[in-house]
$ cat run-v2.pdb   # PDB, C-alpha atoms and all ligand atoms
ATOM      1  CA  MET J   1       0.000   0.000   0.000
ATOM      2  CA  MET J   2       1.275   3.391  -0.832
ATOM      3  CA  THR J   3       1.548   5.692   2.129
ATOM      4  CA  THR J   4       3.005   8.675   0.325
ATOM      5  CA  LEU J   5       1.544  10.549  -2.607
ATOM      6  CA  PRO J   6       2.151   8.867  -5.930
ATOM      7  CA  VAL J   7       4.856  10.166  -8.189
ATOM      8  CA  GLY J   8       4.104   8.747 -11.597
ATOM      9  CA  ARG J   9       5.639   9.364 -14.969
ATOM     10  CA  PHE J  10       5.158   8.947 -18.659
ATOM     11  CA  ALA J  11       8.284   7.994 -20.553
ATOM     12  CA  PRO J  12       7.720   8.014 -24.303
ATOM     13  CA  SER J  13      10.436   7.134 -26.777
ATOM     14  CA  PRO J  14      10.518   9.761 -29.530
ATOM     15  CA  THR J  15      10.501   7.216 -32.309
ATOM     16  CA  GLY J  16       7.268   8.542 -33.797
ATOM     17  CA  PRO J  17       4.132  10.477 -32.889
ATOM     18  CA  LEU J  18       1.988   9.598 -29.892
ATOM     19  CA  HIS J  19      -0.218   6.713 -31.016
ATOM     20  CA  SER J  20      -3.134   5.029 -29.321
ATOM     21  CA  GLY J  21      -0.899   2.589 -27.448
ATOM     22  CA  SER J  22       1.226   5.303 -25.923
ATOM     23  CA  LEU J  23      -1.879   7.395 -25.282
ATOM     24  CA  ILE J  24      -3.206   4.566 -23.121
ATOM     25  CA  ALA J  25       0.012   4.576 -21.081
ATOM     26  CA  ALA J  26      -0.079   8.361 -20.809
ATOM     27  CA  ILE J  27      -3.702   8.504 -19.659
ATOM     28  CA  GLY J  28      -3.375   5.512 -17.322
ATOM     29  CA  SER J  29      -0.280   6.867 -15.592
ATOM     30  CA  PHE J  30      -1.770  10.366 -15.457
ATOM     31  CA  CYS J  31      -5.051   9.289 -13.875
ATOM     32  CA  LEU J  32      -3.421   6.929 -11.374
ATOM     33  CA  ALA J  33      -1.153   9.718 -10.141
ATOM     34  CA  ARG J  34      -3.632  12.570 -10.263
ATOM     35  CA  ARG J  35      -6.574  10.784  -8.676
ATOM     36  CA  LEU J  36      -4.595  10.901  -5.414
ATOM     37  CA  SER J  37      -3.276  14.401  -6.117
ATOM     38  CA  GLY J  38       0.126  12.970  -6.943
ATOM     39  CA  ARG J  39       2.738  14.254  -9.330
ATOM     40  CA  TRP J  40       3.072  13.199 -12.945
ATOM     41  CA  LEU J  41       6.473  13.580 -14.554
ATOM     42  CA  LEU J  42       7.592  13.422 -18.118
ATOM     43  CA  ARG J  43      10.740  11.762 -19.340
ATOM     44  CA  MET J  44      11.799  11.703 -22.962
ATOM     45  CA  GLU J  45      13.544   8.409 -23.635
ATOM     46  CA  ASP J  46      15.762   9.653 -26.420
ATOM     47  CA  LEU J  47      18.726   7.568 -25.394
ATOM     48  CA  ASP J  48      18.698   5.181 -28.314
ATOM     49  CA  THR J  49      19.807   7.863 -30.722
ATOM     50  CA  PRO J  50      19.743   5.698 -33.857
ATOM     51  CA  ARG J  51      16.004   5.135 -33.312
ATOM     52  CA  VAL J  52      15.098   8.721 -32.467
ATOM     53  CA  VAL J  53      13.016  10.406 -35.152
ATOM     54  CA  PRO J  54      13.727  14.133 -35.536
ATOM     55  CA  GLY J  55      10.691  16.176 -34.507
ATOM     56  CA  ALA J  56       8.919  13.285 -32.769
ATOM     57  CA  ALA J  57       9.642  14.535 -29.248
ATOM     58  CA  ASP J  58       8.128  17.941 -30.000
ATOM     59  CA  GLN J  59       5.172  16.336 -31.647
ATOM     60  CA  ILE J  60       4.527  14.126 -28.606
ATOM     61  CA  LEU J  61       4.789  17.100 -26.248
ATOM     62  CA  ARG J  62       2.381  19.181 -28.318
ATOM     63  CA  THR J  63      -0.132  16.327 -28.404
ATOM     64  CA  LEU J  64       0.057  15.851 -24.635
ATOM     65  CA  GLU J  65      -0.528  19.569 -24.083
ATOM     66  CA  ARG J  66      -3.410  19.651 -26.505
ATOM     67  CA  LEU J  67      -5.043  16.785 -24.628
ATOM     68  CA  GLY J  68      -4.615  18.497 -21.270
ATOM     69  CA  LEU J  69      -2.044  15.961 -20.101
ATOM     70  CA  HIS J  70       0.087  18.555 -18.311
ATOM     71  CA  TRP J  71       3.189  17.305 -16.563
ATOM     72  CA  ASP J  72       4.897  18.591 -13.430
ATOM     73  CA  GLY J  73       8.328  20.146 -13.433
ATOM     74  CA  GLU J  74      11.005  19.924 -16.067
ATOM     75  CA  ILE J  75      11.121  17.275 -18.735
ATOM     76  CA  LEU J  76      13.953  14.839 -18.175
ATOM     77  CA  TRP J  77      15.808  14.133 -21.422
ATOM     78  CA  GLN J  78      17.728  10.892 -21.258
ATOM     79  CA  SER J  79      20.181  12.055 -23.905
ATOM     80  CA  ARG J  80      21.492  14.607 -21.387
ATOM     81  CA  ARG J  81      22.049  12.119 -18.594
ATOM     82  CA  GLN J  82      25.222  10.317 -19.687
ATOM     83  CA  GLN J  83      27.082  11.343 -16.561
ATOM     84  CA  ALA J  84      24.462   9.941 -14.208
ATOM     85  CA  TYR J  85      24.380   6.621 -16.075
ATOM     86  CA  GLN J  86      28.173   6.452 -16.103
ATOM     87  CA  GLN J  87      28.294   7.035 -12.344
ATOM     88  CA  ALA J  88      25.705   4.362 -11.711
ATOM     89  CA  LEU J  89      27.652   1.926 -13.836
ATOM     90  CA  GLU J  90      30.837   2.744 -11.920
ATOM     91  CA  SER J  91      29.188   2.135  -8.586
ATOM     92  CA  LEU J  92      28.225  -1.356  -9.758
ATOM     93  CA  THR J  93      31.684  -1.901 -11.211
ATOM     94  CA  GLU J  94      33.282  -1.070  -7.877
ATOM     95  CA  ARG J  95      31.260  -3.815  -6.334
ATOM     96  CA  GLY J  96      32.356  -6.367  -8.884
ATOM     97  CA  LEU J  97      28.944  -6.674 -10.511
ATOM     98  CA  ILE J  98      29.969  -5.585 -14.004
ATOM     99  CA  PHE J  99      32.020  -7.521 -16.517
ATOM    100  CA  PRO J 100      33.063  -6.822 -20.086
ATOM    101  CA  CYS J 101      31.609  -9.158 -22.677
ATOM    102  CA  GLY J 102      33.284  -9.872 -25.980
ATOM    103  CA  CYS J 103      30.521 -11.956 -27.518
ATOM    104  CA  SER J 104      28.849 -10.945 -30.706
ATOM    105  CA  ARG J 105      25.106 -11.245 -31.097
ATOM    106  CA  LYS J 106      25.677 -14.143 -33.450
ATOM    107  CA  GLU J 107      27.788 -16.041 -30.939
ATOM    108  CA  ILE J 108      25.204 -15.603 -28.211
ATOM    109  CA  LEU J 109      22.426 -16.756 -30.503
ATOM    110  CA  ALA J 110      24.444 -19.800 -31.499
ATOM    111  CA  SER J 111      25.197 -20.900 -27.960
ATOM    112  CA  ALA J 112      22.116 -19.809 -25.996
ATOM    113  CA  PRO J 113      20.654 -22.953 -24.436
ATOM    114  CA  HIS J 114      17.102 -21.907 -25.248
ATOM    115  CA  PRO J 115      15.445 -18.695 -26.292
ATOM    116  CA  GLY J 116      14.204 -16.573 -23.388
ATOM    117  CA  GLU J 117      11.247 -14.248 -23.222
ATOM    118  CA  GLU J 118      13.600 -11.431 -23.933
ATOM    119  CA  GLY J 119      15.680 -12.978 -26.662
ATOM    120  CA  PRO J 120      18.546 -15.395 -26.209
ATOM    121  CA  ILE J 121      19.706 -15.989 -22.662
ATOM    122  CA  TYR J 122      23.294 -14.965 -22.143
ATOM    123  CA  PRO J 123      25.287 -18.179 -21.761
ATOM    124  CA  GLY J 124      27.865 -16.632 -19.432
ATOM    125  CA  HIS J 125      30.934 -16.958 -21.638
ATOM    126  CA  CYS J 126      32.763 -13.880 -20.377
ATOM    127  CA  ARG J 127      31.443 -13.985 -16.838
ATOM    128  CA  ASN J 128      34.785 -15.008 -15.375
ATOM    129  CA  GLY J 129      36.976 -12.932 -17.620
ATOM    130  CA  LEU J 130      37.458 -12.348 -21.329
ATOM    131  CA  ALA J 131      39.106 -15.172 -23.195
ATOM    132  CA  PRO J 132      42.611 -14.243 -24.416
ATOM    133  CA  GLY J 133      42.585 -12.083 -27.501
ATOM    134  CA  ARG J 134      38.938 -11.066 -27.127
ATOM    135  CA  ARG J 135      37.977  -7.438 -27.332
ATOM    136  CA  PRO J 136      35.414  -6.116 -24.828
ATOM    137  CA  ARG J 137      32.211  -5.070 -26.546
ATOM    138  CA  ALA J 138      29.356  -4.619 -24.116
ATOM    139  CA  LEU J 139      29.254  -4.314 -20.331
ATOM    140  CA  ARG J 140      26.986  -6.752 -18.533
ATOM    141  CA  VAL J 141      25.734  -7.034 -14.990
ATOM    142  CA  ARG J 142      26.114 -10.320 -13.181
ATOM    143  CA  VAL J 143      22.701 -11.562 -12.106
ATOM    144  CA  PRO J 144      22.289 -13.664  -8.995
ATOM    145  CA  ARG J 145      20.604 -17.027  -8.899
ATOM    146  CA  GLN J 146      17.504 -15.442  -7.499
ATOM    147  CA  VAL J 147      13.831 -15.241  -8.261
ATOM    148  CA  ILE J 148      12.477 -11.715  -8.315
ATOM    149  CA  CYS J 149       8.874 -11.418  -7.139
ATOM    150  CA  PHE J 150       6.558  -8.486  -7.155
ATOM    151  CA  THR J 151       2.849  -7.825  -7.255
ATOM    152  CA  ASP J 152       1.754  -5.906 -10.279
ATOM    153  CA  GLY J 153      -1.199  -3.581  -9.783
ATOM    154  CA  VAL J 154      -3.061  -5.175 -12.695
ATOM    155  CA  PHE J 155      -1.377  -8.494 -13.465
ATOM    156  CA  GLY J 156      -1.002  -9.613  -9.857
ATOM    157  CA  PRO J 157       1.908 -11.673  -8.496
ATOM    158  CA  ILE J 158       4.785 -12.011 -10.935
ATOM    159  CA  SER J 159       7.999 -13.889 -10.451
ATOM    160  CA  GLN J 160      10.971 -14.369 -12.694
ATOM    161  CA  GLY J 161      14.246 -16.158 -12.150
ATOM    162  CA  LEU J 162      16.722 -13.715 -13.612
ATOM    163  CA  GLU J 163      19.357 -16.282 -14.380
ATOM    164  CA  GLU J 164      17.021 -18.646 -16.254
ATOM    165  CA  ALA J 165      14.897 -15.996 -17.934
ATOM    166  CA  VAL J 166      17.456 -13.410 -19.047
ATOM    167  CA  GLY J 167      20.957 -14.122 -17.775
ATOM    168  CA  ASP J 168      23.583 -11.461 -17.213
ATOM    169  CA  PHE J 169      22.197  -8.501 -19.099
ATOM    170  CA  VAL J 170      23.716  -5.575 -20.934
ATOM    171  CA  LEU J 171      24.021  -2.190 -19.234
ATOM    172  CA  ARG J 172      26.266  -0.597 -21.818
ATOM    173  CA  ARG J 173      25.831  -1.726 -25.364
ATOM    174  CA  ALA J 174      28.535  -2.589 -27.854
ATOM    175  CA  ASP J 175      27.793   0.710 -29.643
ATOM    176  CA  GLY J 176      28.624   2.574 -26.423
ATOM    177  CA  LEU J 177      25.035   3.534 -25.585
ATOM    178  CA  PHE J 178      23.705   2.947 -22.102
ATOM    179  CA  ALA J 179      20.995   0.320 -22.010
ATOM    180  CA  TYR J 180      17.353   1.158 -21.398
ATOM    181  CA  GLN J 181      17.310  -1.063 -18.269
ATOM    182  CA  LEU J 182      19.983   1.024 -16.602
ATOM    183  CA  ALA J 183      18.671   4.419 -17.663
ATOM    184  CA  VAL J 184      15.103   3.769 -16.568
ATOM    185  CA  VAL J 185      16.202   2.684 -13.091
ATOM    186  CA  VAL J 186      18.631   5.565 -12.579
ATOM    187  CA  ASP J 187      16.036   8.065 -13.801
ATOM    188  CA  ASP J 188      13.040   6.684 -11.921
ATOM    189  CA  ALA J 189      15.081   6.716  -8.712
ATOM    190  CA  GLU J 190      16.476  10.175  -9.186
ATOM    191  CA  SER J 191      13.071  11.627 -10.032
ATOM    192  CA  GLY J 192      11.528  10.028  -6.954
ATOM    193  CA  VAL J 193       9.107   7.982  -9.060
ATOM    194  CA  ASN J 194       7.244   5.549  -6.826
ATOM    195  CA  GLN J 195       4.568   4.434  -9.283
ATOM    196  CA  VAL J 196       5.535   3.042 -12.673
ATOM    197  CA  VAL J 197       2.573   2.707 -15.025
ATOM    198  CA  ARG J 198       3.300   1.491 -18.554
ATOM    199  CA  GLY J 199       2.445  -1.091 -21.173
ATOM    200  CA  ALA J 200       2.574  -4.812 -20.395
ATOM    201  CA  ASP J 201       5.288  -5.286 -22.997
ATOM    202  CA  LEU J 202       7.630  -4.155 -20.215
ATOM    203  CA  LEU J 203       6.356  -6.639 -17.651
ATOM    204  CA  THR J 204       9.257  -8.977 -18.353
ATOM    205  CA  SER J 205      11.755  -6.116 -17.942
ATOM    206  CA  THR J 206      10.485  -5.246 -14.485
ATOM    207  CA  PRO J 207      12.363  -7.974 -12.551
ATOM    208  CA  ARG J 208      15.621  -6.702 -14.061
ATOM    209  CA  GLN J 209      14.732  -3.192 -13.006
ATOM    210  CA  ILE J 210      13.793  -4.296  -9.501
ATOM    211  CA  PHE J 211      17.103  -6.121  -9.259
ATOM    212  CA  LEU J 212      18.975  -2.960 -10.273
ATOM    213  CA  HIS J 213      16.985  -0.762  -7.879
ATOM    214  CA  ALA J 214      17.871  -3.169  -5.088
ATOM    215  CA  ALA J 215      21.531  -3.201  -6.132
ATOM    216  CA  PHE J 216      21.600   0.607  -5.899
ATOM    217  CA  GLY J 217      19.778   0.529  -2.574
ATOM    218  CA  ASN J 218      16.774   2.406  -4.026
ATOM    219  CA  PRO J 219      13.232   1.993  -2.770
ATOM    220  CA  ILE J 220      11.281  -0.200  -5.198
ATOM    221  CA  PRO J 221       8.445   1.612  -6.984
ATOM    222  CA  ASP J 222       4.959   0.165  -7.372
ATOM    223  CA  TYR J 223       4.457  -1.347 -10.809
ATOM    224  CA  ILE J 224       1.237  -1.217 -12.753
ATOM    225  CA  HIS J 225       1.278  -2.650 -16.251
ATOM    226  CA  LEU J 226      -1.518  -1.876 -18.641
ATOM    227  CA  PRO J 227      -2.809  -4.408 -21.132
ATOM    228  CA  LEU J 228      -1.527  -3.769 -24.605
ATOM    229  CA  ALA J 229      -3.847  -2.378 -27.185
ATOM    230  CA  THR J 230      -2.919  -5.332 -29.348
ATOM    231  CA  ASP J 231      -4.354  -7.730 -26.765
ATOM    232  CA  LEU J 232      -7.970  -6.832 -27.136
ATOM    233  CA  ALA J 233      -9.535  -9.365 -29.472
ATOM    234  CA  GLY J 234      -6.660  -8.889 -31.850
ATOM    235  CA  ILE J 235      -7.674  -5.336 -32.587
ATOM    236  CA  LYS J 236      -4.657  -3.211 -33.118
ATOM    237  CA  LEU J 237      -5.726   0.165 -31.859
ATOM    238  CA  SER J 238      -2.613   1.801 -33.150
ATOM    239  CA  LYS J 239      -3.220   0.378 -36.609
ATOM    240  CA  ARG J 240      -6.880   1.186 -36.709
ATOM    241  CA  HIS J 241      -6.261   4.840 -36.108
ATOM    242  CA  GLY J 242      -3.157   5.137 -38.172
ATOM    243  CA  ALA J 243       0.069   6.268 -36.586
ATOM    244  CA  ALA J 244      -0.873   9.518 -34.896
ATOM    245  CA  ILE J 245      -4.093  10.214 -33.064
ATOM    246  CA  SER J 246      -5.476  12.826 -35.389
ATOM    247  CA  SER J 247      -8.926  11.324 -35.852
ATOM    248  CA  GLY J 248     -10.454  13.429 -33.096
ATOM    249  CA  ASP J 249      -8.785  13.902 -29.738
ATOM    250  CA  SER J 250     -11.967  13.342 -27.762
ATOM    251  CA  GLN J 251     -12.736  10.123 -29.529
ATOM    252  CA  ALA J 252      -9.203   8.849 -29.022
ATOM    253  CA  MET J 253      -9.408   9.689 -25.345
ATOM    254  CA  VAL J 254     -12.774   8.010 -24.865
ATOM    255  CA  GLU J 255     -11.480   4.902 -26.604
ATOM    256  CA  ALA J 256      -8.321   4.816 -24.502
ATOM    257  CA  LEU J 257     -10.347   5.162 -21.288
ATOM    258  CA  ARG J 258     -12.797   2.487 -22.355
ATOM    259  CA  PHE J 259      -9.927   0.249 -23.303
ATOM    260  CA  LEU J 260      -8.783   0.652 -19.701
ATOM    261  CA  GLY J 261     -12.237  -0.442 -18.557
ATOM    262  CA  GLN J 262     -13.401   2.998 -17.467
ATOM    263  CA  GLN J 263     -17.079   3.510 -18.192
ATOM    264  CA  VAL J 264     -17.175   6.893 -19.831
ATOM    265  CA  PRO J 265     -20.857   7.935 -19.898
ATOM    266  CA  ARG J 266     -22.293   8.148 -23.387
ATOM    267  CA  GLU J 267     -23.369  11.737 -22.919
ATOM    268  CA  MET J 268     -19.730  12.691 -22.347
ATOM    269  CA  GLU J 269     -18.531  11.370 -25.664
ATOM    270  CA  GLY J 270     -18.428  14.731 -27.414
ATOM    271  CA  GLU J 271     -16.779  16.610 -24.552
ATOM    272  CA  ALA J 272     -13.418  18.290 -24.908
ATOM    273  CA  PRO J 273     -10.366  16.220 -23.883
ATOM    274  CA  GLN J 274      -9.854  18.357 -20.777
ATOM    275  CA  GLN J 275     -13.390  17.592 -19.551
ATOM    276  CA  LEU J 276     -12.965  13.914 -20.260
ATOM    277  CA  LEU J 277      -9.705  13.918 -18.387
ATOM    278  CA  SER J 278     -11.219  15.583 -15.301
ATOM    279  CA  TRP J 279     -13.956  12.991 -15.350
ATOM    280  CA  ALA J 280     -11.365  10.228 -15.677
ATOM    281  CA  VAL J 281      -9.203  11.514 -12.816
ATOM    282  CA  ALA J 282     -12.256  11.686 -10.551
ATOM    283  CA  HIS J 283     -13.581   8.254 -11.534
ATOM    284  CA  PHE J 284     -10.544   6.197 -12.437
ATOM    285  CA  ASP J 285     -10.783   2.687 -11.013
ATOM    286  CA  ILE J 286      -7.754   0.443 -11.391
ATOM    287  CA  ARG J 287      -9.804  -2.688 -10.658
ATOM    288  CA  LYS J 288     -11.721  -2.145 -13.867
ATOM    289  CA  ILE J 289      -8.639  -2.385 -16.024
ATOM    290  CA  ALA J 290      -8.469  -6.145 -15.889
ATOM    291  CA  ALA J 291     -12.251  -6.474 -15.899
ATOM    292  CA  ALA J 292     -12.329  -4.915 -19.345
ATOM    293  CA  GLN J 293     -10.400  -7.928 -20.553
ATOM    294  CA  GLY J 294     -13.009 -10.291 -19.199
ATOM    295  CA  GLY J 295     -10.418 -11.558 -16.754
ATOM    296  CA  GLN J 296      -8.273 -12.715 -19.621
ATOM    297  CA  ILE J 297      -5.084 -10.881 -19.967
ATOM    298  CA  LEU J 298      -3.253 -12.404 -22.818
ATOM    299  CA  THR J 299      -0.512 -11.071 -24.917
ATOM    300  CA  ARG J 300      -0.259 -12.007 -28.501
ATOM    301  CA  THR J 301       3.092 -10.340 -28.786
ATOM    302  CA  LYS J 302       6.273 -12.257 -29.327
ATOM    303  CA  LYS J 303       7.346 -11.497 -25.785
ATOM    304  CA  ALA J 304       5.607 -14.232 -23.851
ATOM    305  CA  VAL J 305       4.159 -12.522 -20.833
ATOM    306  CA  ALA J 306       1.525 -15.196 -20.453
ATOM    307  CA  PRO J 307       3.433 -17.596 -18.149
ATOM    308  CA  LEU J 308       3.928 -14.760 -15.701
ATOM    309  CA  THR J 309       0.358 -13.614 -15.463
ATOM    310  CA  ALA J 310      -0.973 -15.267 -12.370
ATOM    311  CA  GLY J 311      -3.178 -12.215 -12.056
ATOM    312  CA  GLN J 312      -4.509 -11.484  -8.588
ATOM    313  CA  ASN J 313      -6.544  -8.538  -9.644
ATOM    314  CA  ALA J 314      -7.366 -10.036 -12.973
ATOM    315  CA  VAL J 315     -10.060 -12.270 -11.539
ATOM    316  CA  LYS J 316     -11.758  -9.669  -9.359
TER     317      LYS J 316
HETATM  318  N1  LIG T 401      10.136   4.409 -23.415
HETATM  319  C1  LIG T 401       9.396   3.197 -23.219
HETATM  320  C2  LIG T 401       8.374   3.055 -24.317
HETATM  321  O1  LIG T 401       8.001   4.036 -24.930
HETATM  322  C3  LIG T 401       8.683   3.147 -21.886
HETATM  323  C4  LIG T 401       9.617   2.921 -20.780
HETATM  324  C5  LIG T 401       8.968   2.839 -19.419
HETATM  325  O2  LIG T 401       7.835   3.292 -19.249
HETATM  326  O3  LIG T 401       9.644   2.356 -18.525
HETATM  327  O4  LIG T 401       7.942   1.950 -24.571
HETATM  328 ZN    ZN T 402      30.357 -12.602 -23.555
END
$ encode --input "run-v2.pdb" --output "C-alpha cells" --more "lines below"
Ligand code: GLU
Ligand code: ZN
Amino acid sequence: MMTTLPVGRFAPSPTGPLHSGSLIAAIGSFCLARRLSGRWLLRMEDLDTPRVVPGAADQILRTLERLGLHWDGEILWQSRRQQAYQQALESLTERGLIFPCGCSRKEILASAPHPGEEGPIYPGHCRNGLAPGRRPRALRVRVPRQVICFTDGVFGPISQGLEEAVGDFVLRRADGLFAYQLAVVVDDAESGVNQVVRGADLLTSTPRQIFLHAAFGNPIPDYIHLPLATDLAGIKLSKRHGAAISSGDSQAMVEALRFLGQQVPREMEGEAPQQLLSWAVAHFDIRKIAAAQGGQILTRTKKAVAPLTAGQNAVK
C-alpha cells in the first residue's frame, strides 16, 4: 500500500508520434497519479539515438498539451544524462557486478541454451573474464541465482528467475550507448518515481529493473502494467487509427479510457479532452482495467508474458 503521494511518470520514446498505445500509457499513468493528487512527470527516452526520429519529441509534447495531459516540473531528457548513467555503472563496477563481454550477437544466438522471453539468454561466456585475444564489446551485470517477485497492480503476483529468464544482461551496449534497463532505473530513482505505469510489454523487464533498484539501494516503486492495445480481441488500436491520433482527440481519449475499462458515460462522448480527463481523474478505477479484458489478460506479442500472469486482480 502506498503511504506517500504517488509520483508517476510517462516515458515516451521519440521514435514517432503519440499513437493510441502510448496514449493509453499516458492517460493511465496520469489518472493513477492525479486521482490521489500525486505528481506526474515526463521523461523523454531519447537515449537510443539511432532510433530517435527528428521532430517526434516535440510532436509528442504538443499532443500531450493539446489533450490536457500537463506534466509537473522539467522534462527529463535521457540524452542529457550520460554522466548519471556512467556514475551508476561505476558504482556497480566497484562492487564487482559488471564484466566486459566480448561476444557478438551471433555467438550468443548460437550458444544460448534456449530462447528466453527477452531474446537469447546470455550463456555466461565472459562472466569469469574475457578469453585471451577477445575485445570487450558490451558491459553486462552479473545476475544472482535469485527469483524476483513483485505484485503488479493489474497483473497480480509475478515472479521471474533472472538467471534462467534473461541471464547477465547488458548495461552498456557494444555501440557505447547505455541500455534502457539502466537508464530507466537511474532516472526513476532520481526523479523520486514511486509508481511506474506502462504497457505490459515491459512486464518482463520489471524484474531486471527491480534487481537494479535493489543493487543501488533504491526503494522499489509500485508497478502497474496496462494491457496492450494489441491484446484486445486482436484489434490493433494503433493500426486502426493510423500512426498519430489525429482522428479526433476526444474520440481517441474516450477509446483509450474504455480500453482501460473505465465507463465513460455516453453523454460525455463529445466533450473536450480536458473535460474527459477531469472525469477520468475523478472516476478512475484500477480494478476495472483487468475487468475490461473479461479476466483474460493475454498477450499475442512475441514477448511471452503469459506464463507470468498469475493475475490477482485479474479475476476480481
Ligand atoms: N520508453 C518506453 C516506451 O516508450 C517506456 C519505458 C517505461 O515506461 O519504462 O515503450
Ligand atoms: Zn560474452
$ closest_residue --input "run-v2.pdb" --among "J:Gly119, J:Pro6, J:Gly261, J:Pro17" --to "ligand LIG 401 (chain T)" --atoms "all atoms listed in the file"
J:Pro17
$ residues_around --input "run-v2.pdb" --residues "Thr49 (chain J)" --least-positions-apart "5" --cutoff "12 Å" --atoms "all atoms listed in the file" --output "list in words"
Ser13, Pro14, Thr15, Met44, Pro54, Trp77, Gln78, Ser79, Arg80, Asp175, Gly176, Leu177, Phe178, Ala179 and Tyr180 of chain J
$ atom_distance --input "run-v2.pdb" --atom1 "CA of Ser29 (chain J)" --atom2 "CA of Val147 (chain J)"
27.2 Å
$ atom_distance --input "run-v2.pdb" --atom1 "CA of Arg105 (chain J)" --atom2 "CA of Asn128 (chain J)"
18.8 Å
$ resolve_selection --input "run-v2.pdb" --expression "the PyMOL selection byres (((chain J and resi 35) around 9) and not hetatm)" --output "list in words"
Phe30, Cys31, Leu32, Ala33, Arg34, Leu36, Ser37, Gly38, Ala280, Val281, Ala282, His283 and Phe284 of chain J
$ write_last_selection --input "run-v2.pdb" --atoms "C-alpha atoms" --output "PDB file, in the frame of the given file"
ATOM      1  CA  PHE J  30      -1.770  10.366 -15.457  1.00  0.00           C
ATOM      2  CA  CYS J  31      -5.051   9.289 -13.875  1.00  0.00           C
ATOM      3  CA  LEU J  32      -3.421   6.929 -11.374  1.00  0.00           C
ATOM      4  CA  ALA J  33      -1.153   9.718 -10.141  1.00  0.00           C
ATOM      5  CA  ARG J  34      -3.632  12.570 -10.263  1.00  0.00           C
ATOM      6  CA  LEU J  36      -4.595  10.901  -5.414  1.00  0.00           C
ATOM      7  CA  SER J  37      -3.276  14.401  -6.117  1.00  0.00           C
ATOM      8  CA  GLY J  38       0.126  12.970  -6.943  1.00  0.00           C
ATOM      9  CA  ALA J 280     -11.365  10.228 -15.677  1.00  0.00           C
ATOM     10  CA  VAL J 281      -9.203  11.514 -12.816  1.00  0.00           C
ATOM     11  CA  ALA J 282     -12.256  11.686 -10.551  1.00  0.00           C
ATOM     12  CA  HIS J 283     -13.581   8.254 -11.534  1.00  0.00           C
ATOM     13  CA  PHE J 284     -10.544   6.197 -12.437  1.00  0.00           C
TER      14      PHE J 284
END
$ atom_distance --input "run-v2.pdb" --atom1 "CA of Arg172 (chain J)" --atom2 "CA of Thr93 (chain J)"
12.0 Å
$ residues_near_ligand --input "run-v2.pdb" --ligand "ligand ZN 402 (chain T)" --cutoff "8 Å" --atoms "all atoms listed in the file" --output "list in words"
Pro100, Cys101, Gly102, Cys103, Ser104, Ile108, Tyr122, Pro123, Gly124, His125, Cys126, Arg127 and Leu130 of chain J
$ closest_residue --input "run-v2.pdb" --among "J:Asp187, J:Glu65, J:Glu118, J:Asp222" --to "Asp201 (chain J)" --atoms "only C-alpha atoms"
J:Glu118
$ residues_near_ligand --input "run-v2.pdb" --ligand "ligand LIG 401 (chain T)" --cutoff "9 Å" --atoms "all atoms listed in the file" --output "list of chain:residue names"
J:Arg9, J:Phe10, J:Ala11, J:Pro12, J:Ser13, J:Pro14, J:Thr15, J:Ser22, J:Ala25, J:Arg43, J:Met44, J:Glu45, J:Asp46, J:Tyr180, J:Gln181, J:Val184, J:Val185, J:Asp188, J:Val196, J:Val197, J:Arg198, J:Gly199, J:Asp201, J:Leu202, J:Ser205, J:Thr206
$ write_last_selection --input "run-v2.pdb" --atoms "C-alpha atoms" --output "compact mmCIF listing (two decimals), in the coordinates of the input"
# COMPACT_ATOMS: atom_id res chain seq x y z
CA ARG J 9 5.64 9.36 -14.97
CA PHE J 10 5.16 8.95 -18.66
CA ALA J 11 8.28 7.99 -20.55
CA PRO J 12 7.72 8.01 -24.30
CA SER J 13 10.44 7.13 -26.78
CA PRO J 14 10.52 9.76 -29.53
CA THR J 15 10.50 7.22 -32.31
CA SER J 22 1.23 5.30 -25.92
CA ALA J 25 0.01 4.58 -21.08
CA ARG J 43 10.74 11.76 -19.34
CA MET J 44 11.80 11.70 -22.96
CA GLU J 45 13.54 8.41 -23.64
CA ASP J 46 15.76 9.65 -26.42
CA TYR J 180 17.35 1.16 -21.40
CA GLN J 181 17.31 -1.06 -18.27
CA VAL J 184 15.10 3.77 -16.57
CA VAL J 185 16.20 2.68 -13.09
CA ASP J 188 13.04 6.68 -11.92
CA VAL J 196 5.54 3.04 -12.67
CA VAL J 197 2.57 2.71 -15.02
CA ARG J 198 3.30 1.49 -18.55
CA GLY J 199 2.44 -1.09 -21.17
CA ASP J 201 5.29 -5.29 -23.00
CA LEU J 202 7.63 -4.16 -20.22
CA SER J 205 11.76 -6.12 -17.94
CA THR J 206 10.48 -5.25 -14.48
$ residues_near_point --input "run-v2.pdb" --point "(-8.4, 15.9, -18.9)" --cutoff "10 Å" --atoms "only C-alpha atoms" --output "mmCIF file with C-alpha atoms, in the frame of the given file"
data_model
loop_
_atom_site.group_PDB
_atom_site.id
_atom_site.type_symbol
_atom_site.label_atom_id
_atom_site.label_comp_id
_atom_site.auth_asym_id
_atom_site.auth_seq_id
_atom_site.Cartn_x
_atom_site.Cartn_y
_atom_site.Cartn_z
ATOM 1 C CA ILE J 27 -3.702 8.504 -19.659
ATOM 2 C CA PHE J 30 -1.770 10.366 -15.457
ATOM 3 C CA CYS J 31 -5.051 9.289 -13.875
ATOM 4 C CA ARG J 66 -3.410 19.651 -26.505
ATOM 5 C CA LEU J 67 -5.043 16.785 -24.628
ATOM 6 C CA GLY J 68 -4.615 18.497 -21.270
ATOM 7 C CA LEU J 69 -2.044 15.961 -20.101
ATOM 8 C CA HIS J 70 0.087 18.555 -18.311
ATOM 9 C CA SER J 250 -11.967 13.342 -27.762
ATOM 10 C CA MET J 253 -9.408 9.689 -25.345
ATOM 11 C CA ALA J 272 -13.418 18.290 -24.908
ATOM 12 C CA PRO J 273 -10.366 16.220 -23.883
ATOM 13 C CA GLN J 274 -9.854 18.357 -20.777
ATOM 14 C CA GLN J 275 -13.390 17.592 -19.551
ATOM 15 C CA LEU J 276 -12.965 13.914 -20.260
ATOM 16 C CA LEU J 277 -9.705 13.918 -18.387
ATOM 17 C CA SER J 278 -11.219 15.583 -15.301
ATOM 18 C CA TRP J 279 -13.956 12.991 -15.350
ATOM 19 C CA ALA J 280 -11.365 10.228 -15.677
ATOM 20 C CA VAL J 281 -9.203 11.514 -12.816
#
$ resolve_selection --input "run-v2.pdb" --expression "the PyMOL selection byres (((chain J and resi 200) around 9) and not hetatm)" --output "PyMOL selection string"
chain J and resi 155+198-199+201-204+224-228+299+305
